[in-house]
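Raw coords-v4.txt, compact mmCIF, C-alpha atoms:
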```txt
# COMPACT_ATOMS: atom_id res chain seq x y z
CA MET A 1 63.43 -11.14 -29.84
CA LYS A 2 65.43 -8.39 -28.11
CA THR A 3 63.90 -4.98 -27.64
CA TYR A 4 65.54 -1.87 -28.98
CA ALA A 5 66.60 -0.79 -25.46
CA GLU A 6 68.30 -4.18 -24.86
CA ILE A 7 70.22 -3.91 -28.14
CA VAL A 8 71.38 -0.38 -27.26
CA GLN A 9 72.57 -1.56 -23.81
CA GLU A 10 74.51 -4.41 -25.42
CA TYR A 11 76.32 -2.01 -27.76
CA LYS A 12 77.15 0.34 -24.86
CA LYS A 13 78.77 -2.58 -23.03
CA ARG A 14 80.85 -3.41 -26.13
CA GLN A 15 82.14 0.15 -26.23
CA ARG A 16 83.48 -0.26 -22.67
CA ASP A 17 85.36 -3.38 -23.74
CA THR A 18 86.88 -1.45 -26.64
CA VAL A 19 88.16 1.22 -24.24
CA ILE A 20 89.70 -1.42 -21.94
CA ASP A 21 91.42 -3.10 -24.89
CA ALA A 22 92.68 0.24 -26.23
CA ILE A 23 94.16 1.23 -22.85
CA ALA A 24 95.91 -2.12 -22.50
CA MET A 25 97.38 -1.84 -26.00
CA GLY A 26 98.38 1.75 -25.34
CA LEU A 27 100.33 0.63 -22.27
CA THR A 28 102.12 -1.93 -24.41
CA TYR A 29 103.31 0.79 -26.77
CA MET A 30 104.16 3.14 -23.91
CA ASP A 31 106.68 0.54 -22.74
CA GLU A 32 108.38 0.65 -26.15
CA ILE A 33 108.32 4.44 -26.20
CA ALA A 34 109.87 4.56 -22.73
CA VAL A 35 112.71 2.29 -23.86
CA ASP A 36 113.33 4.36 -27.02
CA THR A 37 113.41 7.66 -25.16
CA GLY A 38 115.80 6.29 -22.57
CA LEU A 39 113.41 6.33 -19.64
CA LEU A 40 114.14 2.63 -19.08
CA GLU A 41 117.59 1.19 -19.52
CA GLU A 42 117.66 -1.41 -22.26
CA THR A 43 119.90 -3.75 -20.27
CA GLY A 44 118.09 -3.63 -16.95
CA LEU A 45 115.76 -6.16 -15.39
CA LEU A 46 113.01 -3.56 -15.26
CA ALA A 47 113.02 -3.20 -19.05
CA GLU A 48 112.81 -6.97 -19.57
CA LEU A 49 110.05 -7.34 -17.00
CA SER A 50 107.99 -4.45 -18.37
CA GLU A 51 108.34 -5.75 -21.92
CA SER A 52 107.04 -9.19 -20.91
CA VAL A 53 104.21 -7.87 -18.79
CA CYS A 54 103.09 -5.18 -21.23
CA GLY A 55 103.10 -7.59 -24.17
CA ALA A 56 100.71 -9.95 -22.39
CA LEU A 57 98.64 -7.25 -20.68
CA PRO A 58 95.98 -6.85 -23.40
CA PHE A 59 95.34 -10.58 -23.52
CA VAL A 60 95.18 -10.89 -19.74
CA ALA A 61 92.73 -7.98 -19.60
CA ILE A 62 90.53 -9.60 -22.25
CA ALA A 63 90.54 -12.98 -20.48
CA ALA A 64 89.76 -11.30 -17.16
CA THR A 65 86.85 -9.20 -18.45
CA GLU A 66 85.24 -12.01 -20.45
CA GLY A 67 85.78 -14.52 -17.62
CA THR A 68 84.22 -12.12 -15.13
CA LYS A 69 81.15 -11.68 -17.34
CA VAL A 70 80.72 -15.45 -17.58
CA LEU A 71 81.22 -15.99 -13.83
CA LEU A 72 78.77 -13.24 -12.94
CA GLY A 73 76.17 -14.76 -15.26
CA ARG A 74 76.00 -11.82 -17.67
CA LYS A 75 77.05 -14.05 -20.56
CA PRO A 76 76.80 -17.75 -21.35
CA GLY A 77 80.13 -19.58 -21.40
CA ALA A 78 80.12 -20.24 -25.15
CA THR A 79 79.39 -16.60 -25.93
CA GLY A 80 82.11 -15.42 -23.53
CA LEU A 81 84.62 -17.77 -25.14
CA ALA A 82 83.70 -16.63 -28.66
CA ASP A 83 83.77 -12.94 -27.72
CA GLY A 84 87.10 -13.36 -25.92
CA ALA A 85 88.62 -15.18 -28.88
CA TYR A 86 87.43 -12.47 -31.27
CA ARG A 87 88.82 -9.70 -29.08
CA MET A 88 92.16 -11.53 -28.76
CA VAL A 89 92.43 -12.06 -32.52
CA LYS A 90 91.56 -8.42 -33.13
CA THR A 91 94.13 -7.28 -30.56
CA GLY A 92 96.82 -9.63 -31.88
CA ALA A 93 96.30 -8.48 -35.45
CA ALA A 94 96.34 -4.84 -34.43
CA MET A 95 99.52 -5.30 -32.40
CA GLY A 96 101.17 -7.17 -35.28
CA VAL A 97 100.38 -4.42 -37.78
CA GLY A 98 101.41 -1.86 -35.17
CA SER A 99 104.77 -3.59 -34.72
CA VAL A 100 105.44 -3.49 -38.46
CA VAL A 101 104.54 0.21 -38.60
CA ALA A 102 106.61 0.90 -35.47
CA GLY A 103 109.63 -0.68 -37.12
CA ALA A 104 109.15 1.33 -40.30
CA ALA A 105 107.89 4.70 -39.08
CA GLY A 106 108.30 4.78 -35.32
CA PHE A 107 106.13 4.12 -32.31
CA TRP A 108 104.21 7.38 -32.57
CA ALA A 109 102.81 6.21 -35.91
CA ALA A 110 102.00 2.72 -34.59
CA ILE A 111 99.33 3.80 -32.11
CA PRO A 112 96.91 5.36 -34.65
CA VAL A 113 97.48 2.49 -37.09
CA THR A 114 96.74 -0.02 -34.34
CA MET A 115 93.52 1.77 -33.43
CA GLY A 116 92.59 1.88 -37.12
CA VAL A 117 93.04 -1.87 -37.50
CA ARG A 118 90.82 -2.43 -34.46
CA ALA A 119 88.20 -0.11 -35.93
CA LEU A 120 88.30 -1.98 -39.25
CA PHE A 121 87.75 -5.30 -37.45
CA ASP A 122 84.76 -3.85 -35.59
CA ARG A 123 83.32 -2.34 -38.73
CA TYR A 124 83.64 -5.61 -40.63
CA ARG A 125 82.04 -7.60 -37.81
CA SER A 126 79.21 -5.08 -37.53
CA LYS A 127 78.46 -5.34 -41.24
CA VAL A 128 78.54 -9.14 -41.16
CA LEU A 129 76.23 -9.29 -38.14
CA THR A 130 73.87 -6.78 -39.74
CA GLY A 131 73.77 -8.93 -42.86
CA LEU A 132 72.98 -12.02 -40.79
CA ARG A 133 70.20 -10.17 -38.95
CA VAL A 134 68.70 -9.00 -42.23
CA GLN A 135 68.84 -12.53 -43.68
CA GLY A 136 67.12 -13.87 -40.56
CA ARG A 137 64.38 -11.29 -40.80
CA ILE A 138 63.89 -12.01 -44.51
CA ALA A 139 63.53 -15.71 -43.73
CA ARG A 140 61.04 -14.94 -40.96
CA LEU A 141 58.98 -12.73 -43.28
CA GLN A 142 58.98 -15.45 -45.95
CA GLU A 143 57.74 -17.98 -43.38
CA LEU A 144 55.07 -15.55 -42.23
CA ASN A 145 54.03 -14.89 -45.84
CA ALA A 146 53.75 -18.64 -46.54
CA PHE A 147 51.71 -19.12 -43.37
CA LEU A 148 49.32 -16.30 -44.34
CA ARG A 149 48.92 -17.75 -47.84
CA ARG A 150 48.06 -21.15 -46.35
CA GLU A 151 45.51 -19.50 -44.10
CA GLU A 152 44.00 -17.67 -47.10
CA ALA A 153 43.78 -20.94 -48.98
CA MET A 154 41.54 -22.38 -46.30
CA ASP A 155 37.88 -21.92 -47.14
CA THR A 156 35.27 -21.00 -44.59
CA SER A 157 34.61 -24.61 -43.63
CA GLY A 158 38.20 -25.08 -42.50
CA ALA A 159 39.13 -27.48 -45.30
CA PRO A 160 42.12 -26.59 -47.43
CA ALA A 161 41.38 -25.22 -50.89
CA GLY A 162 41.06 -27.91 -53.52
CA GLU A 163 39.54 -30.48 -51.15
CA THR A 164 35.86 -31.17 -51.39
CA VAL A 165 33.63 -30.92 -48.39
CA PRO A 166 30.98 -33.61 -48.22
CA ALA A 167 27.51 -32.21 -48.78
CA VAL A 168 25.11 -32.35 -45.92
CA ALA A 169 21.82 -34.00 -46.82
CA THR A 170 18.80 -32.03 -45.83
CA VAL A 171 15.53 -33.65 -44.99
CA GLU A 172 12.30 -31.84 -45.88
```
Starting from the coordinates I provided, produce the structure as C-alpha cells.
Amino acid sequence: MKTYAEIVQEYKKRQRDTVIDAIAMGLTYMDEIAVDTGLLEETGLLAELSESVCGALPFVAIAATEGTKVLLGRKPGATGLADGAYRMVKTGAAMGVGSVVAGAAGFWAAIPVTMGVRALFDRYRSKVLTGLRVQGRIARLQELNAFLRREEAMDTSGAPAGETVPAVATVE
C-alpha cells in the first residue's frame, strides 16, 4: 500500500502534466487568434503550417511525456498507455468544445471553456478513483472482520467452534 507521501508526490506529478497540456492547448488557440487578428496571412504557407502543427501539438506533447516516463522506468507501459489515452481524450474533448464556443462566441471565450472542460474531466476522474479506493478499503475491512471472527471462533485448543475435542484419558 502506498504511503501518504508517495500519494502526494504522484498528485504533484499529475499537476505538471496538466500544465504541459494547458500550454500546448493554449498555443493551439493562439494560432487561431493570430490568424483572426491579422498577424498571419490567411493565404500564406506559414498560416497553413502553423495550423497543422498547433492542432497536433497537444497530442504530440502528451505522447512524448508519457513515452518518456515509460522509457525512463517511472511508469509501467500499460499505465503509461492508459494515462496517455485518458489525457488525449480529455484534450480532444476540450478542444472540440472549445472549437464550438470559438465559433459561437470567439476565441477569447474558448480558452476558459476549454480549461473548464479539462477541469471537469479531472474532477470526475478523481471522484471515480476515490470511490474505487473506498470500495477497496471496505472490502479489505470486511475480509479483516471475517478473519477476526474466525479467529474468535477458535477455542483455546485450536479447534474451530462446534467441533469436539477428544477427551484425554487420565490414569490415576
Fill in: All residues 9 Å or closer to Val97 of chain A, all atoms listed in the file, same chain fewer than 2 positions away omitted, as a count of residues only
12
Response to the item:
atom CA of Phe59 of chain A sits from atom CA of Gly106 of chain A at a separation of 23.3 Å
Worksheet item: Rounded to one decimal in Å, what is the spacing between atom CA of Val128 of chain A and atom CA of Val89 of chain A?
Response: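 Separation of atom CA of Val128 of chain A and atom CA of Val89 of chain A: 16.6 Å.
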Discussion item. Please compute the atom CA of Arg87 of chain A-atom CA of Arg118 of chain A distance, one decimal, in Å.
Written reply: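 Taking atom CA of Arg87 of chain A as the start and atom CA of Arg118 of chain A as the end point, the length is 9.3 Å.
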Worksheet item: A:Ala104, A:Ala119, A:Val70, A:Met1: which is nearest Arg140 of chain A, counting all atoms listed in the file?
Response: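 Distance minimum relative to Arg140 of chain A lands on A:Met1.
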Worksheet entry | Pick from A:Lys90, A:Arg137, A:Lys69, A:Lys75 nearest to Tyr124 of chain A, counting all atoms listed in the file | A:Lys90
